[in-house]
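Structure below is structure18.cif: mmCIF, N, CA and C atoms.
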data_final
#
loop_
_atom_site.label_atom_id
_atom_site.label_comp_id
_atom_site.auth_asym_id
_atom_site.auth_seq_id
_atom_site.Cartn_x
_atom_site.Cartn_y
_atom_site.Cartn_z
N MET Q 230 109.22 90.33 79.31
CA MET Q 230 110.37 90.08 80.16
C MET Q 230 111.04 88.80 79.63
N PRO Q 231 112.29 88.89 79.21
CA PRO Q 231 112.96 87.69 78.69
C PRO Q 231 113.09 86.61 79.75
N LEU Q 232 113.09 85.37 79.32
CA LEU Q 232 113.22 84.27 80.26
C LEU Q 232 114.55 84.33 81.01
N ASP Q 233 115.60 84.88 80.39
CA ASP Q 233 116.89 85.02 81.09
C ASP Q 233 116.74 85.83 82.37
N PHE Q 234 115.84 86.83 82.34
CA PHE Q 234 115.61 87.65 83.52
C PHE Q 234 114.99 86.83 84.64
N THR Q 235 114.20 85.84 84.28
CA THR Q 235 113.50 85.05 85.30
C THR Q 235 114.44 84.15 86.10
N LYS Q 236 115.69 83.99 85.64
CA LYS Q 236 116.64 83.17 86.40
C LYS Q 236 116.96 83.80 87.75
N HIS Q 237 116.61 85.07 87.92
CA HIS Q 237 116.85 85.76 89.19
C HIS Q 237 115.79 85.42 90.25
N PHE Q 238 114.81 84.63 89.87
CA PHE Q 238 113.72 84.27 90.77
C PHE Q 238 113.80 82.80 91.15
N ILE Q 239 113.50 82.50 92.39
CA ILE Q 239 113.31 81.10 92.78
C ILE Q 239 112.07 80.59 92.08
N ALA Q 240 111.02 81.38 92.14
CA ALA Q 240 109.79 81.12 91.41
C ALA Q 240 109.27 82.48 90.95
N VAL Q 241 108.83 82.55 89.70
CA VAL Q 241 108.31 83.82 89.19
C VAL Q 241 107.00 84.13 89.91
N PRO Q 242 106.89 85.31 90.50
CA PRO Q 242 105.66 85.64 91.23
C PRO Q 242 104.48 85.79 90.28
N THR Q 243 103.28 85.66 90.81
CA THR Q 243 102.08 85.84 90.00
C THR Q 243 101.68 87.31 89.96
N GLU Q 244 102.36 88.11 90.77
CA GLU Q 244 102.05 89.54 90.84
C GLU Q 244 103.31 90.31 91.20
N PHE Q 245 103.48 91.48 90.58
CA PHE Q 245 104.58 92.38 90.92
C PHE Q 245 104.01 93.69 91.43
N LYS Q 246 104.76 94.31 92.33
CA LYS Q 246 104.48 95.69 92.71
C LYS Q 246 105.45 96.54 91.92
N LEU Q 247 104.93 97.51 91.17
CA LEU Q 247 105.76 98.44 90.42
C LEU Q 247 105.90 99.70 91.25
N SER Q 248 107.14 100.13 91.44
CA SER Q 248 107.42 101.32 92.24
C SER Q 248 108.14 102.31 91.34
N ASN Q 249 107.73 103.59 91.40
CA ASN Q 249 108.41 104.56 90.54
C ASN Q 249 109.17 105.59 91.36
N ASN Q 250 109.73 106.58 90.67
CA ASN Q 250 110.59 107.56 91.31
C ASN Q 250 109.86 108.61 92.14
N THR Q 251 108.52 108.56 92.17
CA THR Q 251 107.77 109.51 93.00
C THR Q 251 107.12 108.81 94.20
N GLY Q 252 107.46 107.55 94.40
CA GLY Q 252 106.91 106.82 95.54
C GLY Q 252 105.59 106.14 95.25
N CYS Q 253 105.12 106.23 94.05
CA CYS Q 253 103.87 105.59 93.65
C CYS Q 253 104.10 104.08 93.51
N SER Q 254 103.15 103.30 93.97
CA SER Q 254 103.23 101.85 93.82
C SER Q 254 101.96 101.34 93.16
N TRP Q 255 102.12 100.31 92.37
CA TRP Q 255 101.03 99.78 91.56
C TRP Q 255 101.21 98.28 91.45
N LYS Q 256 100.14 97.52 91.47
CA LYS Q 256 100.32 96.07 91.31
C LYS Q 256 99.83 95.63 89.94
N VAL Q 257 100.56 94.67 89.38
CA VAL Q 257 100.19 94.08 88.10
C VAL Q 257 100.33 92.57 88.22
N THR Q 258 99.48 91.87 87.51
CA THR Q 258 99.60 90.41 87.50
C THR Q 258 100.61 90.01 86.43
N VAL Q 259 101.12 88.79 86.57
CA VAL Q 259 102.15 88.27 85.68
C VAL Q 259 101.59 87.03 84.99
N LYS Q 260 101.91 86.90 83.70
CA LYS Q 260 101.41 85.76 82.93
C LYS Q 260 102.53 85.24 82.04
N LEU Q 261 102.63 83.91 81.90
CA LEU Q 261 103.58 83.29 80.98
C LEU Q 261 102.91 83.15 79.63
N MET Q 262 103.53 83.75 78.59
CA MET Q 262 102.94 83.71 77.26
C MET Q 262 104.07 83.63 76.23
N ASN Q 263 104.00 82.65 75.35
CA ASN Q 263 105.02 82.47 74.30
C ASN Q 263 106.43 82.43 74.88
N ASP Q 264 106.62 81.66 75.93
CA ASP Q 264 107.93 81.51 76.59
C ASP Q 264 108.48 82.82 77.12
N ARG Q 265 107.61 83.77 77.44
CA ARG Q 265 108.01 85.02 78.06
C ARG Q 265 107.09 85.32 79.23
N VAL Q 266 107.64 85.97 80.21
CA VAL Q 266 106.84 86.45 81.33
C VAL Q 266 106.36 87.84 80.95
N THR Q 267 105.05 88.05 80.99
CA THR Q 267 104.50 89.35 80.61
C THR Q 267 103.73 89.97 81.77
N LEU Q 268 103.72 91.30 81.80
CA LEU Q 268 102.89 92.01 82.76
C LEU Q 268 101.49 92.05 82.18
N ASP Q 269 100.51 91.67 82.97
CA ASP Q 269 99.16 91.48 82.44
C ASP Q 269 98.21 92.51 83.06
N GLN Q 270 97.28 92.05 83.86
CA GLN Q 270 96.27 92.94 84.42
C GLN Q 270 96.91 94.04 85.26
N GLY Q 271 96.53 95.25 84.98
CA GLY Q 271 97.06 96.40 85.69
C GLY Q 271 98.09 97.17 84.88
N TRP Q 272 98.78 96.51 83.92
CA TRP Q 272 99.82 97.20 83.16
C TRP Q 272 99.24 98.27 82.24
N ALA Q 273 98.17 97.97 81.52
CA ALA Q 273 97.61 98.96 80.58
C ALA Q 273 97.17 100.21 81.33
N THR Q 274 96.57 100.04 82.50
CA THR Q 274 96.14 101.19 83.30
C THR Q 274 97.35 101.95 83.81
N TYR Q 275 98.38 101.23 84.27
CA TYR Q 275 99.62 101.87 84.73
C TYR Q 275 100.22 102.71 83.60
N ALA Q 276 100.30 102.13 82.41
CA ALA Q 276 100.88 102.84 81.27
C ALA Q 276 100.07 104.10 80.93
N ALA Q 277 98.76 104.02 81.03
CA ALA Q 277 97.91 105.18 80.73
C ALA Q 277 98.07 106.25 81.80
N VAL Q 278 98.03 105.87 83.07
CA VAL Q 278 98.14 106.83 84.17
C VAL Q 278 99.49 107.54 84.14
N HIS Q 279 100.54 106.80 83.78
CA HIS Q 279 101.89 107.36 83.76
C HIS Q 279 102.27 107.91 82.38
N GLN Q 280 101.28 107.96 81.49
CA GLN Q 280 101.41 108.59 80.17
C GLN Q 280 102.60 108.05 79.37
N ILE Q 281 102.75 106.71 79.39
CA ILE Q 281 103.81 106.08 78.59
C ILE Q 281 103.35 106.05 77.14
N GLU Q 282 104.18 106.61 76.27
CA GLU Q 282 103.83 106.71 74.86
C GLU Q 282 104.73 105.82 74.01
N ILE Q 283 104.31 105.55 72.79
CA ILE Q 283 105.14 104.81 71.84
C ILE Q 283 106.43 105.59 71.64
N GLY Q 284 107.55 104.90 71.67
CA GLY Q 284 108.85 105.54 71.55
C GLY Q 284 109.54 105.76 72.89
N TYR Q 285 108.79 105.67 73.98
CA TYR Q 285 109.37 105.80 75.30
C TYR Q 285 110.11 104.51 75.66
N MET Q 286 111.12 104.63 76.51
CA MET Q 286 111.83 103.46 77.01
C MET Q 286 111.46 103.30 78.49
N VAL Q 287 111.15 102.08 78.86
CA VAL Q 287 110.79 101.79 80.24
C VAL Q 287 111.80 100.77 80.77
N THR Q 288 112.43 101.10 81.90
CA THR Q 288 113.39 100.17 82.51
C THR Q 288 112.80 99.62 83.80
N PHE Q 289 113.20 98.41 84.12
CA PHE Q 289 112.74 97.73 85.33
C PHE Q 289 113.96 97.25 86.10
N LYS Q 290 113.99 97.53 87.40
CA LYS Q 290 115.05 97.04 88.27
C LYS Q 290 114.40 96.22 89.38
N LEU Q 291 114.90 95.03 89.57
CA LEU Q 291 114.37 94.15 90.61
C LEU Q 291 114.85 94.63 91.97
N LEU Q 292 113.91 95.06 92.82
CA LEU Q 292 114.24 95.53 94.17
C LEU Q 292 114.09 94.42 95.20
N THR Q 293 113.01 93.69 95.11
CA THR Q 293 112.74 92.54 95.98
C THR Q 293 112.17 91.45 95.07
N PRO Q 294 111.98 90.24 95.56
CA PRO Q 294 111.46 89.19 94.68
C PRO Q 294 110.12 89.50 94.02
N ASP Q 295 109.37 90.49 94.56
CA ASP Q 295 108.08 90.81 93.94
C ASP Q 295 107.88 92.31 93.70
N THR Q 296 109.00 93.08 93.71
CA THR Q 296 108.91 94.52 93.48
C THR Q 296 109.91 94.95 92.41
N LEU Q 297 109.40 95.69 91.43
CA LEU Q 297 110.23 96.24 90.37
C LEU Q 297 110.20 97.76 90.43
N LYS Q 298 111.36 98.39 90.35
CA LYS Q 298 111.41 99.85 90.22
C LYS Q 298 111.30 100.16 88.74
N VAL Q 299 110.42 101.08 88.40
CA VAL Q 299 110.16 101.44 87.01
C VAL Q 299 110.68 102.86 86.78
N ILE Q 300 111.49 103.02 85.73
CA ILE Q 300 111.94 104.35 85.31
C ILE Q 300 111.54 104.51 83.84
N ILE Q 301 110.91 105.63 83.55
CA ILE Q 301 110.39 105.90 82.20
C ILE Q 301 111.20 107.03 81.58
N PHE Q 302 111.62 106.84 80.32
CA PHE Q 302 112.35 107.86 79.57
C PHE Q 302 111.55 108.20 78.32
N ASP Q 303 111.47 109.49 77.99
CA ASP Q 303 110.74 109.88 76.78
C ASP Q 303 111.59 109.61 75.55
N ASP Q 304 111.07 109.96 74.37
CA ASP Q 304 111.78 109.63 73.14
C ASP Q 304 113.03 110.48 72.92
N ASP Q 305 113.29 111.46 73.79
CA ASP Q 305 114.55 112.20 73.76
C ASP Q 305 115.54 111.66 74.80
N GLY Q 306 115.15 110.61 75.52
CA GLY Q 306 116.01 110.02 76.53
C GLY Q 306 115.98 110.73 77.86
N ILE Q 307 115.00 111.60 78.06
CA ILE Q 307 114.87 112.35 79.31
C ILE Q 307 113.92 111.60 80.24
N GLU Q 308 114.33 111.46 81.50
CA GLU Q 308 113.49 110.74 82.45
C GLU Q 308 112.17 111.47 82.65
N VAL Q 309 111.10 110.72 82.59
CA VAL Q 309 109.76 111.26 82.79
C VAL Q 309 109.40 111.09 84.26
N VAL Q 310 109.02 112.19 84.90
CA VAL Q 310 108.62 112.14 86.30
C VAL Q 310 107.16 112.57 86.37
N ASN Q 311 106.29 111.60 86.57
CA ASN Q 311 104.86 111.88 86.68
C ASN Q 311 104.38 111.54 88.07
N LYS Q 312 103.76 112.49 88.70
CA LYS Q 312 103.06 112.14 89.94
C LYS Q 312 101.89 111.28 89.53
N CYS Q 313 101.61 110.28 90.33
CA CYS Q 313 100.53 109.36 89.97
C CYS Q 313 99.21 110.10 89.95
N GLY Q 314 98.43 109.80 88.95
CA GLY Q 314 97.07 110.31 88.90
C GLY Q 314 96.18 109.44 89.76
N LYS Q 315 94.92 109.48 89.49
CA LYS Q 315 93.98 108.65 90.24
C LYS Q 315 94.24 107.19 89.95
N HIS Q 316 94.47 106.43 90.97
CA HIS Q 316 94.70 104.99 90.82
C HIS Q 316 93.37 104.27 90.75
N ASP Q 317 93.37 103.23 89.96
CA ASP Q 317 92.27 102.28 90.01
C ASP Q 317 92.50 101.49 91.31
N ASP Q 318 91.57 101.55 92.23
CA ASP Q 318 91.77 100.91 93.53
C ASP Q 318 92.10 99.43 93.42
N ALA Q 319 91.70 98.80 92.33
CA ALA Q 319 91.99 97.38 92.16
C ALA Q 319 93.48 97.14 91.98
N PHE Q 320 94.22 98.17 91.51
CA PHE Q 320 95.63 97.96 91.20
C PHE Q 320 96.58 98.76 92.07
N ALA Q 321 96.09 99.71 92.82
CA ALA Q 321 96.98 100.48 93.70
C ALA Q 321 97.54 99.55 94.76
N ALA Q 322 98.86 99.53 94.87
CA ALA Q 322 99.50 98.64 95.83
C ALA Q 322 99.38 99.23 97.23
N LYS Q 323 99.11 98.38 98.17
CA LYS Q 323 99.01 98.82 99.56
C LYS Q 323 100.41 98.86 100.15
N GLU Q 324 100.71 99.95 100.81
CA GLU Q 324 102.04 100.10 101.44
C GLU Q 324 102.12 99.34 102.72
#

What would the structure in this file look like if it were written as structure tokens?
Amino acid sequence: MPLDFTKHFIAVPTEFKLSNNTGCSWKVTVKLMNDRVTLDQGWATYAAVHQIEIGYMVTFKLLTPDTLKVIIFDDDGIEVVNKCGKHDDAFAAKE
């Protein structure tokens, strides 16, 4: 996440809830690394469960100060709609 994006925050949260187009929510921790805010714990599992592959484009829209809407597009530019598989309970966001 570029630092320019972080100007939209009063303070960058330590955790984000990722929400997708099927109502699935997932939590990931946030870490500052090399002058960038990165999604850390929980992201690799999210990417695997939602079958994000190399060449896919992932967009993030800030919904609330700690919630991002995630939309995934395949390498043909078609939106990927995956119902969430089994969540790791450590990362499934509580509604």

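Taken over the shown file, the PyMOL selection byres (((chain Q and resi 304 and name CA) around 9) and name CA) identifies Glu282, Ile283, Gly284, Tyr285, Met286, Phe302, Asp303, Asp305, Gly306 and Ile307 of chain Q.
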
Practice item. Name every residue that the PyMOL selection byres ((chain Q and resi 258) around 7) selects in this structure, writing the answer as a list in words with chains first and numbers rising. Key: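 Evaluating the PyMOL selection byres ((chain Q and resi 258) around 7) on this file yields Pro242, Thr243, Glu244, Phe245, Lys256, Val257, Val259, Lys260, Thr267, Leu268, Asp269, Gln270, Gly271 and Trp272 of chain Q.
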
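Among the candidate residues Q:Ala273, Q:Asp295, Q:Val278, Q:Asp264, the one lying nearest to Val241 in chain Q is Q:Asp295, with distances computed using only N, CA and C atoms.
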
**Study point:** Of the listed residues Q:Leu247, Q:Ile239, Q:Ile301, Q:Cys253, that which approaches Ile281 in chain Q most closely, counting only N, CA and C atoms
**Key:**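 Selected residue with least distance to Ile281 in chain Q: Q:Ile301.
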
Exercise for review: Grab the atom N of Asn249 in chain Q to CA of Val299 in chain Q distance for me, in Å with one decimal place.
Suggested key: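 Straight-line distance from atom N of Asn249 in chain Q to CA of Val299 in chain Q works out to 5.5 Å.
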
Just so the selection is clear, what residues does the PyMOL selection byres ((chain Q and resi 248) around 7) cover here, as a compact mmCIF listing (two decimals) with N, CA and C atoms, in the frame of the given file?
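Wrote it out as expr_1.txt, contents follow:
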# COMPACT_ATOMS: atom_id res chain seq x y z
N LYS Q 246 104.76 94.31 92.33
CA LYS Q 246 104.48 95.69 92.71
C LYS Q 246 105.45 96.54 91.92
N LEU Q 247 104.93 97.51 91.17
CA LEU Q 247 105.76 98.44 90.42
C LEU Q 247 105.90 99.70 91.25
N ASN Q 249 107.73 103.59 91.40
CA ASN Q 249 108.41 104.56 90.54
C ASN Q 249 109.17 105.59 91.36
N ASN Q 250 109.73 106.58 90.67
CA ASN Q 250 110.59 107.56 91.31
C ASN Q 250 109.86 108.61 92.14
N THR Q 251 108.52 108.56 92.17
CA THR Q 251 107.77 109.51 93.00
C THR Q 251 107.12 108.81 94.20
N GLY Q 252 107.46 107.55 94.40
CA GLY Q 252 106.91 106.82 95.54
C GLY Q 252 105.59 106.14 95.25
N CYS Q 253 105.12 106.23 94.05
CA CYS Q 253 103.87 105.59 93.65
C CYS Q 253 104.10 104.08 93.51
N SER Q 254 103.15 103.30 93.97
CA SER Q 254 103.23 101.85 93.82
C SER Q 254 101.96 101.34 93.16
N TRP Q 255 102.12 100.31 92.37
CA TRP Q 255 101.03 99.78 91.56
C TRP Q 255 101.21 98.28 91.45
N THR Q 296 109.00 93.08 93.71
CA THR Q 296 108.91 94.52 93.48
C THR Q 296 109.91 94.95 92.41
N LEU Q 297 109.40 95.69 91.43
CA LEU Q 297 110.23 96.24 90.37
C LEU Q 297 110.20 97.76 90.43
N LYS Q 298 111.36 98.39 90.35
CA LYS Q 298 111.41 99.85 90.22
C LYS Q 298 111.30 100.16 88.74
N VAL Q 299 110.42 101.08 88.40
CA VAL Q 299 110.16 101.44 87.01
C VAL Q 299 110.68 102.86 86.78
N ILE Q 300 111.49 103.02 85.73
CA ILE Q 300 111.94 104.35 85.31
C ILE Q 300 111.54 104.51 83.84

Per DSSP on the backbone, what are the strand (DSSP E) residues of chain Q, as a PDB file with N, CA and C atoms, in the coordinates of the input?
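Result file is result_35.pdb:
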ATOM      1  N   GLU Q 244     102.360  88.110  90.770  1.00  0.00           N
ATOM      2  CA  GLU Q 244     102.050  89.540  90.840  1.00  0.00           C
ATOM      3  C   GLU Q 244     103.310  90.310  91.200  1.00  0.00           C
ATOM      4  N   PHE Q 245     103.480  91.480  90.580  1.00  0.00           N
ATOM      5  CA  PHE Q 245     104.580  92.380  90.920  1.00  0.00           C
ATOM      6  C   PHE Q 245     104.010  93.690  91.430  1.00  0.00           C
ATOM      7  N   LYS Q 246     104.760  94.310  92.330  1.00  0.00           N
ATOM      8  CA  LYS Q 246     104.480  95.690  92.710  1.00  0.00           C
ATOM      9  C   LYS Q 246     105.450  96.540  91.920  1.00  0.00           C
ATOM     10  N   LEU Q 247     104.930  97.510  91.170  1.00  0.00           N
ATOM     11  CA  LEU Q 247     105.760  98.440  90.420  1.00  0.00           C
ATOM     12  C   LEU Q 247     105.900  99.700  91.250  1.00  0.00           C
ATOM     13  N   SER Q 248     107.140 100.130  91.440  1.00  0.00           N
ATOM     14  CA  SER Q 248     107.420 101.320  92.240  1.00  0.00           C
ATOM     15  C   SER Q 248     108.140 102.310  91.340  1.00  0.00           C
ATOM     16  N   SER Q 254     103.150 103.300  93.970  1.00  0.00           N
ATOM     17  CA  SER Q 254     103.230 101.850  93.820  1.00  0.00           C
ATOM     18  C   SER Q 254     101.960 101.340  93.160  1.00  0.00           C
ATOM     19  N   TRP Q 255     102.120 100.310  92.370  1.00  0.00           N
ATOM     20  CA  TRP Q 255     101.030  99.780  91.560  1.00  0.00           C
ATOM     21  C   TRP Q 255     101.210  98.280  91.450  1.00  0.00           C
ATOM     22  N   LYS Q 256     100.140  97.520  91.470  1.00  0.00           N
ATOM     23  CA  LYS Q 256     100.320  96.070  91.310  1.00  0.00           C
ATOM     24  C   LYS Q 256      99.830  95.630  89.940  1.00  0.00           C
ATOM     25  N   VAL Q 257     100.560  94.670  89.380  1.00  0.00           N
ATOM     26  CA  VAL Q 257     100.190  94.080  88.100  1.00  0.00           C
ATOM     27  C   VAL Q 257     100.330  92.570  88.220  1.00  0.00           C
ATOM     28  N   THR Q 258      99.480  91.870  87.510  1.00  0.00           N
ATOM     29  CA  THR Q 258      99.600  90.410  87.500  1.00  0.00           C
ATOM     30  C   THR Q 258     100.610  90.010  86.430  1.00  0.00           C
ATOM     31  N   VAL Q 259     101.120  88.790  86.570  1.00  0.00           N
ATOM     32  CA  VAL Q 259     102.150  88.270  85.680  1.00  0.00           C
ATOM     33  C   VAL Q 259     101.590  87.030  84.990  1.00  0.00           C
ATOM     34  N   LYS Q 260     101.910  86.900  83.700  1.00  0.00           N
ATOM     35  CA  LYS Q 260     101.410  85.760  82.930  1.00  0.00           C
ATOM     36  C   LYS Q 260     102.530  85.240  82.040  1.00  0.00           C
ATOM     37  N   LEU Q 261     102.630  83.910  81.900  1.00  0.00           N
ATOM     38  CA  LEU Q 261     103.580  83.290  80.980  1.00  0.00           C
ATOM     39  C   LEU Q 261     102.910  83.150  79.630  1.00  0.00           C
ATOM     40  N   MET Q 262     103.530  83.750  78.590  1.00  0.00           N
ATOM     41  CA  MET Q 262     102.940  83.710  77.260  1.00  0.00           C
ATOM     42  C   MET Q 262     104.070  83.630  76.230  1.00  0.00           C
ATOM     43  N   ARG Q 265     107.610  83.770  77.440  1.00  0.00           N
ATOM     44  CA  ARG Q 265     108.010  85.020  78.060  1.00  0.00           C
ATOM     45  C   ARG Q 265     107.090  85.320  79.230  1.00  0.00           C
ATOM     46  N   VAL Q 266     107.640  85.970  80.210  1.00  0.00           N
ATOM     47  CA  VAL Q 266     106.840  86.450  81.330  1.00  0.00           C
ATOM     48  C   VAL Q 266     106.360  87.840  80.950  1.00  0.00           C
ATOM     49  N   THR Q 267     105.050  88.050  80.990  1.00  0.00           N
ATOM     50  CA  THR Q 267     104.500  89.350  80.610  1.00  0.00           C
ATOM     51  C   THR Q 267     103.730  89.970  81.770  1.00  0.00           C
ATOM     52  N   LEU Q 268     103.720  91.300  81.800  1.00  0.00           N
ATOM     53  CA  LEU Q 268     102.890  92.010  82.760  1.00  0.00           C
ATOM     54  C   LEU Q 268     101.490  92.050  82.180  1.00  0.00           C
ATOM     55  N   MET Q 286     111.120 104.630  76.510  1.00  0.00           N
ATOM     56  CA  MET Q 286     111.830 103.460  77.010  1.00  0.00           C
ATOM     57  C   MET Q 286     111.460 103.300  78.490  1.00  0.00           C
ATOM     58  N   VAL Q 287     111.150 102.080  78.860  1.00  0.00           N
ATOM     59  CA  VAL Q 287     110.790 101.790  80.240  1.00  0.00           C
ATOM     60  C   VAL Q 287     111.800 100.770  80.770  1.00  0.00           C
ATOM     61  N   THR Q 288     112.430 101.100  81.900  1.00  0.00           N
ATOM     62  CA  THR Q 288     113.390 100.170  82.510  1.00  0.00           C
ATOM     63  C   THR Q 288     112.800  99.620  83.800  1.00  0.00           C
ATOM     64  N   PHE Q 289     113.200  98.410  84.120  1.00  0.00           N
ATOM     65  CA  PHE Q 289     112.740  97.730  85.330  1.00  0.00           C
ATOM     66  C   PHE Q 289     113.960  97.250  86.100  1.00  0.00           C
ATOM     67  N   LYS Q 290     113.990  97.530  87.400  1.00  0.00           N
ATOM     68  CA  LYS Q 290     115.050  97.040  88.270  1.00  0.00           C
ATOM     69  C   LYS Q 290     114.400  96.220  89.380  1.00  0.00           C
ATOM     70  N   LEU Q 291     114.900  95.030  89.570  1.00  0.00           N
ATOM     71  CA  LEU Q 291     114.370  94.150  90.610  1.00  0.00           C
ATOM     72  C   LEU Q 291     114.850  94.630  91.970  1.00  0.00           C
ATOM     73  N   LEU Q 292     113.910  95.060  92.820  1.00  0.00           N
ATOM     74  CA  LEU Q 292     114.240  95.530  94.170  1.00  0.00           C
ATOM     75  C   LEU Q 292     114.090  94.420  95.200  1.00  0.00           C
ATOM     76  N   THR Q 293     113.010  93.690  95.110  1.00  0.00           N
ATOM     77  CA  THR Q 293     112.740  92.540  95.980  1.00  0.00           C
ATOM     78  C   THR Q 293     112.170  91.450  95.070  1.00  0.00           C
ATOM     79  N   THR Q 296     109.000  93.080  93.710  1.00  0.00           N
ATOM     80  CA  THR Q 296     108.910  94.520  93.480  1.00  0.00           C
ATOM     81  C   THR Q 296     109.910  94.950  92.410  1.00  0.00           C
ATOM     82  N   LEU Q 297     109.400  95.690  91.430  1.00  0.00           N
ATOM     83  CA  LEU Q 297     110.230  96.240  90.370  1.00  0.00           C
ATOM     84  C   LEU Q 297     110.200  97.760  90.430  1.00  0.00           C
ATOM     85  N   LYS Q 298     111.360  98.390  90.350  1.00  0.00           N
ATOM     86  CA  LYS Q 298     111.410  99.850  90.220  1.00  0.00           C
ATOM     87  C   LYS Q 298     111.300 100.160  88.740  1.00  0.00           C
ATOM     88  N   VAL Q 299     110.420 101.080  88.400  1.00  0.00           N
ATOM     89  CA  VAL Q 299     110.160 101.440  87.010  1.00  0.00           C
ATOM     90  C   VAL Q 299     110.680 102.860  86.780  1.00  0.00           C
ATOM     91  N   ILE Q 300     111.490 103.020  85.730  1.00  0.00           N
ATOM     92  CA  ILE Q 300     111.940 104.350  85.310  1.00  0.00           C
ATOM     93  C   ILE Q 300     111.540 104.510  83.840  1.00  0.00           C
ATOM     94  N   ILE Q 301     110.910 105.630  83.550  1.00  0.00           N
ATOM     95  CA  ILE Q 301     110.390 105.900  82.200  1.00  0.00           C
ATOM     96  C   ILE Q 301     111.200 107.030  81.580  1.00  0.00           C
ATOM     97  N   PHE Q 302     111.620 106.840  80.320  1.00  0.00           N
ATOM     98  CA  PHE Q 302     112.350 107.860  79.570  1.00  0.00           C
ATOM     99  C   PHE Q 302     111.550 108.200  78.320  1.00  0.00           C
ATOM    100  N   GLU Q 308     114.330 111.460  81.500  1.00  0.00           N
ATOM    101  CA  GLU Q 308     113.490 110.740  82.450  1.00  0.00           C
ATOM    102  C   GLU Q 308     112.170 111.470  82.650  1.00  0.00           C
ATOM    103  N   VAL Q 309     111.100 110.720  82.590  1.00  0.00           N
ATOM    104  CA  VAL Q 309     109.760 111.260  82.790  1.00  0.00           C
ATOM    105  C   VAL Q 309     109.400 111.090  84.260  1.00  0.00           C
TER     106      VAL Q 309
END

Point to revise | Between CA of Met230 in chain Q and atom N of Asn311 in chain Q, distance in Å (one decimal) | key: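 Pair CA of Met230 in chain Q / atom N of Asn311 in chain Q returns 22.8 Å.
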
Those of chain Q in DSSP alpha helix (DSSP H), formatted as a PDB file with N, CA and C atoms, in the frame of the given file:
ATOM      1  N   TRP Q 272      98.780  96.510  83.920  1.00  0.00           N
ATOM      2  CA  TRP Q 272      99.820  97.200  83.160  1.00  0.00           C
ATOM      3  C   TRP Q 272      99.240  98.270  82.240  1.00  0.00           C
ATOM      4  N   ALA Q 273      98.170  97.970  81.520  1.00  0.00           N
ATOM      5  CA  ALA Q 273      97.610  98.960  80.580  1.00  0.00           C
ATOM      6  C   ALA Q 273      97.170 100.210  81.330  1.00  0.00           C
ATOM      7  N   THR Q 274      96.570 100.040  82.500  1.00  0.00           N
ATOM      8  CA  THR Q 274      96.140 101.190  83.300  1.00  0.00           C
ATOM      9  C   THR Q 274      97.350 101.950  83.810  1.00  0.00           C
ATOM     10  N   TYR Q 275      98.380 101.230  84.270  1.00  0.00           N
ATOM     11  CA  TYR Q 275      99.620 101.870  84.730  1.00  0.00           C
ATOM     12  C   TYR Q 275     100.220 102.710  83.600  1.00  0.00           C
ATOM     13  N   ALA Q 276     100.300 102.130  82.410  1.00  0.00           N
ATOM     14  CA  ALA Q 276     100.880 102.840  81.270  1.00  0.00           C
ATOM     15  C   ALA Q 276     100.070 104.100  80.930  1.00  0.00           C
ATOM     16  N   ALA Q 277      98.760 104.020  81.030  1.00  0.00           N
ATOM     17  CA  ALA Q 277      97.910 105.180  80.730  1.00  0.00           C
ATOM     18  C   ALA Q 277      98.070 106.250  81.800  1.00  0.00           C
ATOM     19  N   VAL Q 278      98.030 105.870  83.070  1.00  0.00           N
ATOM     20  CA  VAL Q 278      98.140 106.830  84.170  1.00  0.00           C
ATOM     21  C   VAL Q 278      99.490 107.540  84.140  1.00  0.00           C
TER      22      VAL Q 278
END

Check your understanding: Expressed in Å to a single decimal, how great is the separation between CA of Thr274 in chain Q and atom N of His237 in chain Q?
Key -> 26.5 Å

Study note, to complete from the structure: The residue from Q:Ala277, Q:Val266, Q:Leu261, Q:Val287 with the smallest atom-to-atom distance to Thr235 in chain Q, counting all atoms listed in the file, is Q:Val266
